[in-house]
Amino acid sequence: MSMMGELNLFLSLQIKQTSNGTMIHQQQYIKELLKRFGMDSSKPIDTPISPLTKLVLEDRSSPIEEKTYSGIIGLLLYLTASRPDIVFSVDLCACFQSKPN
Amino acid sequence: MTYLKHTPDLALLYLKGCNFDLIGYADADYAGFVVDRKSTLGMAHFLGPCLVSWATKKKHSVAISTAEAEYVAAASCCPQLLRIKQQLKDFCVDTGCIPIYCDNTSAINISKNPWQHKRTKPIDIRRHFLRDNVEKGLISMNFCTTDTQIADIFTKALSREKFERNRLELGLIKTK
């Protein structure tokens with residue numbers, strides 16, 4: 001095994017080591033994600049999901065492609081590795097993977 | 001995803017040279033999922049001030065009472081804690097009795113009281129794993145208020161102030 005210096009990037013987890021401790025984030029991954037789905041110009045919001053939101057099963061006329069939807073869920077699930085704050089909302093969306101609206 | 005745009009720079013912080021006190025937080029949102037009225041369980045495990053593992057899970061069966069949902073959440077929290085405890089033992093770190101914090105007193109009482117009563121009847125036998133471990137002294141159940149319950153963020157959508165406070169308690173800080 002060879003020494004390759006300090007660990008900075010591992011499976012798209014960015015690791016920053018300081019004298020106080022270690023920080024783990026996925027800033028680059030988020031940036032790529034937003035760019036890929038054309039959301040880099042959207043308006044920012046404070047919380048991932050509003051307390052008033054209730055998701056229900058419904059057959060509406062504006063379905064989105066199942067493949068794209070589960071693709072996004074998969075990408076977001078990987079992001080939960082460093083972001084426990086979005087775990088709940090991603091899991092909730094993942095419950096509605098068949099016939100998403 | 002627009003939320004991510006607002007907060008791309010959040011990072012999990014692991015402080016150096018802190019203690020190895022293992023703590024578990026378990027919470028449940030009773031009948032929170034509108035489609036089939038199943039409860040959502042949330043749990044967080046801390047090693048000192050650092051978050052080491054977390055989970056959110058939709059329960060397989062429908063709970064009859066809040067106490068049942070909370071009890072099941074604590075019971076699901078238990079195996080993971082014991083696993084971490086065992087791993088720490090391999091590194092020669094003894095964690096002693098592990099506290100699980102739960103914001104429901106009935107759930108805590110169920111774990112201490114060996115008698116069956118009306119509310120506990122629907123709880124599956126394997127859930128009594130928790131009670132067994134409490135009796136052995138490996139796990140202790142403690143009460144915390146809903147405001148100090150850190151696993152709250154994994155079970156329901158929170159308002160902005162609560163969400164931001166909870167996020168900070170998890171050890172997610174802004175890098176800039």
# chains A, B, ... in the order shown; residues from 1 in each chain; ligands from 1
>>> interface_residues(of="chain A", to="chain B", cutoff="10 Å", atoms="only C-alpha atoms", output="number ranges by chain")
A: 14-31, 33-34, 37, 39-57, 72, 76, 80-92, 95
>>> atom_distance(atom1="atom CA of B:Glu70", atom2="atom CA of B:Ala28")
5.2 Å
>>> select_by_dssp(residues="chain A", states="strand (DSSP E)", output="list in words")
Leu9, Phe10, Leu13, Gln14, Ile15, Lys16, Gln17, Gly21, Thr22, Met23, Ile24 and His25 of chain A
>>> write_last_selection(atoms="N, CA and C atoms", output="PDB file, in the first residue's frame")
ATOM      1  N   LEU A   9     -11.050  13.458  -0.894  1.00  0.00           N
ATOM      2  CA  LEU A   9     -12.256  13.106  -1.616  1.00  0.00           C
ATOM      3  C   LEU A   9     -12.383  11.593  -1.661  1.00  0.00           C
ATOM      4  N   PHE A  10     -13.532  11.081  -1.221  1.00  0.00           N
ATOM      5  CA  PHE A  10     -13.718   9.638  -1.234  1.00  0.00           C
ATOM      6  C   PHE A  10     -15.158   9.326  -1.618  1.00  0.00           C
ATOM      7  N   LEU A  13     -17.582  12.016  -1.340  1.00  0.00           N
ATOM      8  CA  LEU A  13     -17.672  12.642  -0.017  1.00  0.00           C
ATOM      9  C   LEU A  13     -16.431  13.507   0.139  1.00  0.00           C
ATOM     10  N   GLN A  14     -16.629  14.789   0.360  1.00  0.00           N
ATOM     11  CA  GLN A  14     -15.468  15.665   0.531  1.00  0.00           C
ATOM     12  C   GLN A  14     -15.107  15.710   2.009  1.00  0.00           C
ATOM     13  N   ILE A  15     -13.861  15.496   2.306  1.00  0.00           N
ATOM     14  CA  ILE A  15     -13.430  15.438   3.696  1.00  0.00           C
ATOM     15  C   ILE A  15     -12.423  16.541   3.973  1.00  0.00           C
ATOM     16  N   LYS A  16     -12.715  17.298   5.002  1.00  0.00           N
ATOM     17  CA  LYS A  16     -11.836  18.419   5.332  1.00  0.00           C
ATOM     18  C   LYS A  16     -11.325  18.202   6.750  1.00  0.00           C
ATOM     19  N   GLN A  17     -10.012  18.137   6.893  1.00  0.00           N
ATOM     20  CA  GLN A  17      -9.468  17.914   8.223  1.00  0.00           C
ATOM     21  C   GLN A  17      -8.835  19.174   8.753  1.00  0.00           C
ATOM     22  N   GLY A  21     -11.123  19.111  14.248  1.00  0.00           N
ATOM     23  CA  GLY A  21     -11.828  17.879  13.941  1.00  0.00           C
ATOM     24  C   GLY A  21     -11.963  17.677  12.443  1.00  0.00           C
ATOM     25  N   THR A  22     -12.869  16.790  12.070  1.00  0.00           N
ATOM     26  CA  THR A  22     -13.039  16.447  10.660  1.00  0.00           C
ATOM     27  C   THR A  22     -14.429  16.855  10.182  1.00  0.00           C
ATOM     28  N   MET A  23     -14.505  17.391   8.977  1.00  0.00           N
ATOM     29  CA  MET A  23     -15.800  17.743   8.407  1.00  0.00           C
ATOM     30  C   MET A  23     -16.036  16.925   7.157  1.00  0.00           C
ATOM     31  N   ILE A  24     -17.277  16.415   7.021  1.00  0.00           N
ATOM     32  CA  ILE A  24     -17.620  15.625   5.839  1.00  0.00           C
ATOM     33  C   ILE A  24     -18.783  16.301   5.118  1.00  0.00           C
ATOM     34  N   HIS A  25     -18.616  16.616   3.850  1.00  0.00           N
ATOM     35  CA  HIS A  25     -19.724  17.209   3.097  1.00  0.00           C
ATOM     36  C   HIS A  25     -19.689  16.770   1.644  1.00  0.00           C
TER      37      HIS A  25
END
>>> select_by_dssp(residues="stretch 55-151 of chain B", states="alpha helix (DSSP H)", output="PyMOL selection string")
chain B and resi 66-90+105-112+129-136
>>> write_last_selection(atoms="C-alpha atoms", output="tab-separated table (two decimals), in the first residue's frame")
chain	number	residue	atom	x	y	z
B	66	THR	CA	-48.67	6.41	20.32
B	67	ALA	CA	-47.04	4.44	23.12
B	68	GLU	CA	-46.84	1.39	20.89
B	69	ALA	CA	-45.30	3.37	18.03
B	70	GLU	CA	-42.71	4.95	20.35
B	71	TYR	CA	-41.92	1.62	21.97
B	72	VAL	CA	-41.35	-0.02	18.62
B	73	ALA	CA	-39.07	2.90	17.62
B	74	ALA	CA	-36.97	2.38	20.75
B	75	ALA	CA	-36.87	-1.36	20.10
B	76	SER	CA	-35.61	-0.86	16.55
B	77	CYS	CA	-32.98	1.55	17.88
B	78	CYS	CA	-31.68	-1.10	20.26
B	79	PRO	CA	-29.91	-3.64	17.95
B	80	GLN	CA	-27.88	-0.91	16.24
B	81	LEU	CA	-26.75	0.44	19.62
B	82	LEU	CA	-25.72	-3.02	20.77
B	83	ARG	CA	-23.80	-3.47	17.53
B	84	ILE	CA	-21.89	-0.22	18.05
B	85	LYS	CA	-21.29	-1.19	21.68
B	86	GLN	CA	-19.80	-4.50	20.60
B	87	GLN	CA	-17.57	-2.81	18.06
B	88	LEU	CA	-16.33	-0.33	20.68
B	89	LYS	CA	-15.65	-3.26	22.98
B	90	ASP	CA	-13.39	-4.67	20.28
B	105	THR	CA	-43.37	8.05	29.29
B	106	SER	CA	-45.74	5.14	28.60
B	107	ALA	CA	-43.25	3.61	26.20
B	108	ILE	CA	-40.57	3.85	28.92
B	109	ASN	CA	-42.91	2.25	31.46
B	110	ILE	CA	-43.70	-0.61	29.10
B	111	SER	CA	-39.98	-1.35	28.89
B	112	LYS	CA	-39.75	-1.59	32.69
B	129	PHE	CA	-36.07	-7.71	22.81
B	130	LEU	CA	-35.80	-4.19	24.20
B	131	ARG	CA	-37.36	-5.10	27.53
B	132	ASP	CA	-35.00	-8.04	27.81
B	133	ASN	CA	-31.99	-5.79	27.30
B	134	VAL	CA	-33.27	-3.24	29.80
B	135	GLU	CA	-33.56	-6.04	32.35
B	136	LYS	CA	-30.01	-7.15	31.58
>>> decode(residues="chain A", atoms="C-alpha atoms", output="mmCIF file, in the first residue's frame")
data_model
loop_
_atom_site.group_PDB
_atom_site.id
_atom_site.type_symbol
_atom_site.label_atom_id
_atom_site.label_comp_id
_atom_site.auth_asym_id
_atom_site.auth_seq_id
_atom_site.Cartn_x
_atom_site.Cartn_y
_atom_site.Cartn_z
ATOM 1 C CA MET A 1 0.000 0.000 0.000
ATOM 2 C CA SER A 2 1.320 3.450 -0.805
ATOM 3 C CA MET A 3 0.778 6.709 1.041
ATOM 4 C CA MET A 4 -1.094 9.191 -1.112
ATOM 5 C CA GLY A 5 -1.283 12.064 1.333
ATOM 6 C CA GLU A 6 -4.265 13.409 3.208
ATOM 7 C CA LEU A 7 -7.698 12.084 2.325
ATOM 8 C CA ASN A 8 -9.756 14.788 0.631
ATOM 9 C CA LEU A 9 -12.256 13.106 -1.616
ATOM 10 C CA PHE A 10 -13.718 9.638 -1.234
ATOM 11 C CA LEU A 11 -16.722 8.369 -3.262
ATOM 12 C CA SER A 12 -17.803 11.991 -3.757
ATOM 13 C CA LEU A 13 -17.672 12.642 -0.017
ATOM 14 C CA GLN A 14 -15.468 15.665 0.531
ATOM 15 C CA ILE A 15 -13.430 15.438 3.696
ATOM 16 C CA LYS A 16 -11.836 18.419 5.332
ATOM 17 C CA GLN A 17 -9.468 17.914 8.223
ATOM 18 C CA THR A 18 -8.725 20.775 10.577
ATOM 19 C CA SER A 19 -7.025 21.023 13.952
ATOM 20 C CA ASN A 20 -10.407 20.848 15.734
ATOM 21 C CA GLY A 21 -11.828 17.879 13.941
ATOM 22 C CA THR A 22 -13.039 16.447 10.660
ATOM 23 C CA MET A 23 -15.800 17.743 8.407
ATOM 24 C CA ILE A 24 -17.620 15.625 5.839
ATOM 25 C CA HIS A 25 -19.724 17.209 3.097
ATOM 26 C CA GLN A 26 -20.884 16.681 -0.498
ATOM 27 C CA GLN A 27 -20.934 20.212 -1.845
ATOM 28 C CA GLN A 28 -19.569 19.244 -5.247
ATOM 29 C CA TYR A 29 -22.101 16.426 -5.600
ATOM 30 C CA ILE A 30 -24.979 18.811 -4.818
ATOM 31 C CA LYS A 31 -23.728 21.305 -7.390
ATOM 32 C CA GLU A 32 -23.558 18.626 -10.077
ATOM 33 C CA LEU A 33 -27.012 17.356 -9.144
ATOM 34 C CA LEU A 34 -28.590 20.810 -9.441
ATOM 35 C CA LYS A 35 -26.872 21.396 -12.760
ATOM 36 C CA ARG A 36 -27.916 18.029 -14.154
ATOM 37 C CA PHE A 37 -31.595 18.643 -13.487
ATOM 38 C CA GLY A 38 -31.488 22.306 -14.499
ATOM 39 C CA MET A 39 -32.327 23.585 -11.041
ATOM 40 C CA ASP A 40 -29.382 25.917 -10.529
ATOM 41 C CA SER A 41 -31.539 28.944 -11.247
ATOM 42 C CA SER A 42 -34.468 28.000 -8.998
ATOM 43 C CA LYS A 43 -35.480 29.927 -5.903
ATOM 44 C CA PRO A 44 -33.925 28.628 -2.656
ATOM 45 C CA ILE A 45 -36.192 27.513 0.220
ATOM 46 C CA ASP A 46 -35.494 27.103 3.956
ATOM 47 C CA THR A 47 -36.779 23.622 4.750
ATOM 48 C CA PRO A 48 -36.980 20.519 2.535
ATOM 49 C CA ILE A 49 -40.674 19.923 3.211
ATOM 50 C CA SER A 50 -43.464 22.015 4.701
ATOM 51 C CA PRO A 51 -45.263 20.686 7.822
ATOM 52 C CA LEU A 52 -48.562 21.120 5.979
ATOM 53 C CA THR A 53 -47.601 18.916 3.047
ATOM 54 C CA LYS A 54 -49.444 15.621 2.892
ATOM 55 C CA LEU A 55 -48.602 13.271 0.050
ATOM 56 C CA VAL A 56 -51.390 10.986 -1.114
ATOM 57 C CA LEU A 57 -51.840 8.428 -3.887
ATOM 58 C CA GLU A 58 -53.701 9.950 -6.793
ATOM 59 C CA ASP A 59 -54.240 9.276 -10.472
ATOM 60 C CA ARG A 60 -53.788 12.657 -12.012
ATOM 61 C CA SER A 61 -53.279 13.666 -15.601
ATOM 62 C CA SER A 62 -49.757 15.052 -15.176
ATOM 63 C CA PRO A 63 -47.608 11.989 -14.618
ATOM 64 C CA ILE A 64 -43.853 12.279 -14.733
ATOM 65 C CA GLU A 65 -41.602 9.569 -16.016
ATOM 66 C CA GLU A 66 -41.118 6.846 -13.437
ATOM 67 C CA LYS A 67 -37.520 6.254 -14.475
ATOM 68 C CA THR A 68 -36.493 9.879 -13.994
ATOM 69 C CA TYR A 69 -38.265 10.022 -10.640
ATOM 70 C CA SER A 70 -36.589 6.939 -9.216
ATOM 71 C CA GLY A 71 -33.303 8.183 -10.677
ATOM 72 C CA ILE A 72 -33.577 11.404 -8.699
ATOM 73 C CA ILE A 73 -34.545 9.475 -5.541
ATOM 74 C CA GLY A 74 -31.474 7.285 -5.965
ATOM 75 C CA LEU A 75 -29.183 10.273 -6.340
ATOM 76 C CA LEU A 76 -30.725 11.953 -3.292
ATOM 77 C CA LEU A 77 -30.445 8.779 -1.241
ATOM 78 C CA TYR A 78 -26.721 8.800 -1.842
ATOM 79 C CA LEU A 79 -26.651 12.376 -0.613
ATOM 80 C CA THR A 80 -28.215 11.325 2.704
ATOM 81 C CA ALA A 81 -24.818 9.780 3.548
ATOM 82 C CA SER A 82 -23.674 13.208 4.694
ATOM 83 C CA ARG A 83 -26.997 14.992 5.127
ATOM 84 C CA PRO A 84 -29.250 13.564 7.828
ATOM 85 C CA ASP A 85 -31.530 16.610 7.515
ATOM 86 C CA ILE A 86 -33.029 15.495 4.199
ATOM 87 C CA VAL A 87 -33.466 11.825 5.137
ATOM 88 C CA PHE A 88 -37.133 12.156 6.073
ATOM 89 C CA SER A 89 -38.244 14.018 2.941
ATOM 90 C CA VAL A 90 -36.313 11.743 0.580
ATOM 91 C CA ASP A 91 -37.778 8.671 2.262
ATOM 92 C CA LEU A 92 -41.258 10.095 2.002
ATOM 93 C CA CYS A 93 -40.829 10.763 -1.732
ATOM 94 C CA ALA A 94 -39.403 7.268 -2.161
ATOM 95 C CA CYS A 95 -42.695 5.809 -0.937
ATOM 96 C CA PHE A 96 -44.425 7.100 -4.072
ATOM 97 C CA GLN A 97 -42.273 5.607 -6.798
ATOM 98 C CA SER A 98 -44.968 4.003 -8.885
ATOM 99 C CA LYS A 99 -47.013 6.428 -11.005
ATOM 100 C CA PRO A 100 -45.492 9.664 -9.649
ATOM 101 C CA ASN A 101 -47.335 12.896 -10.411
#
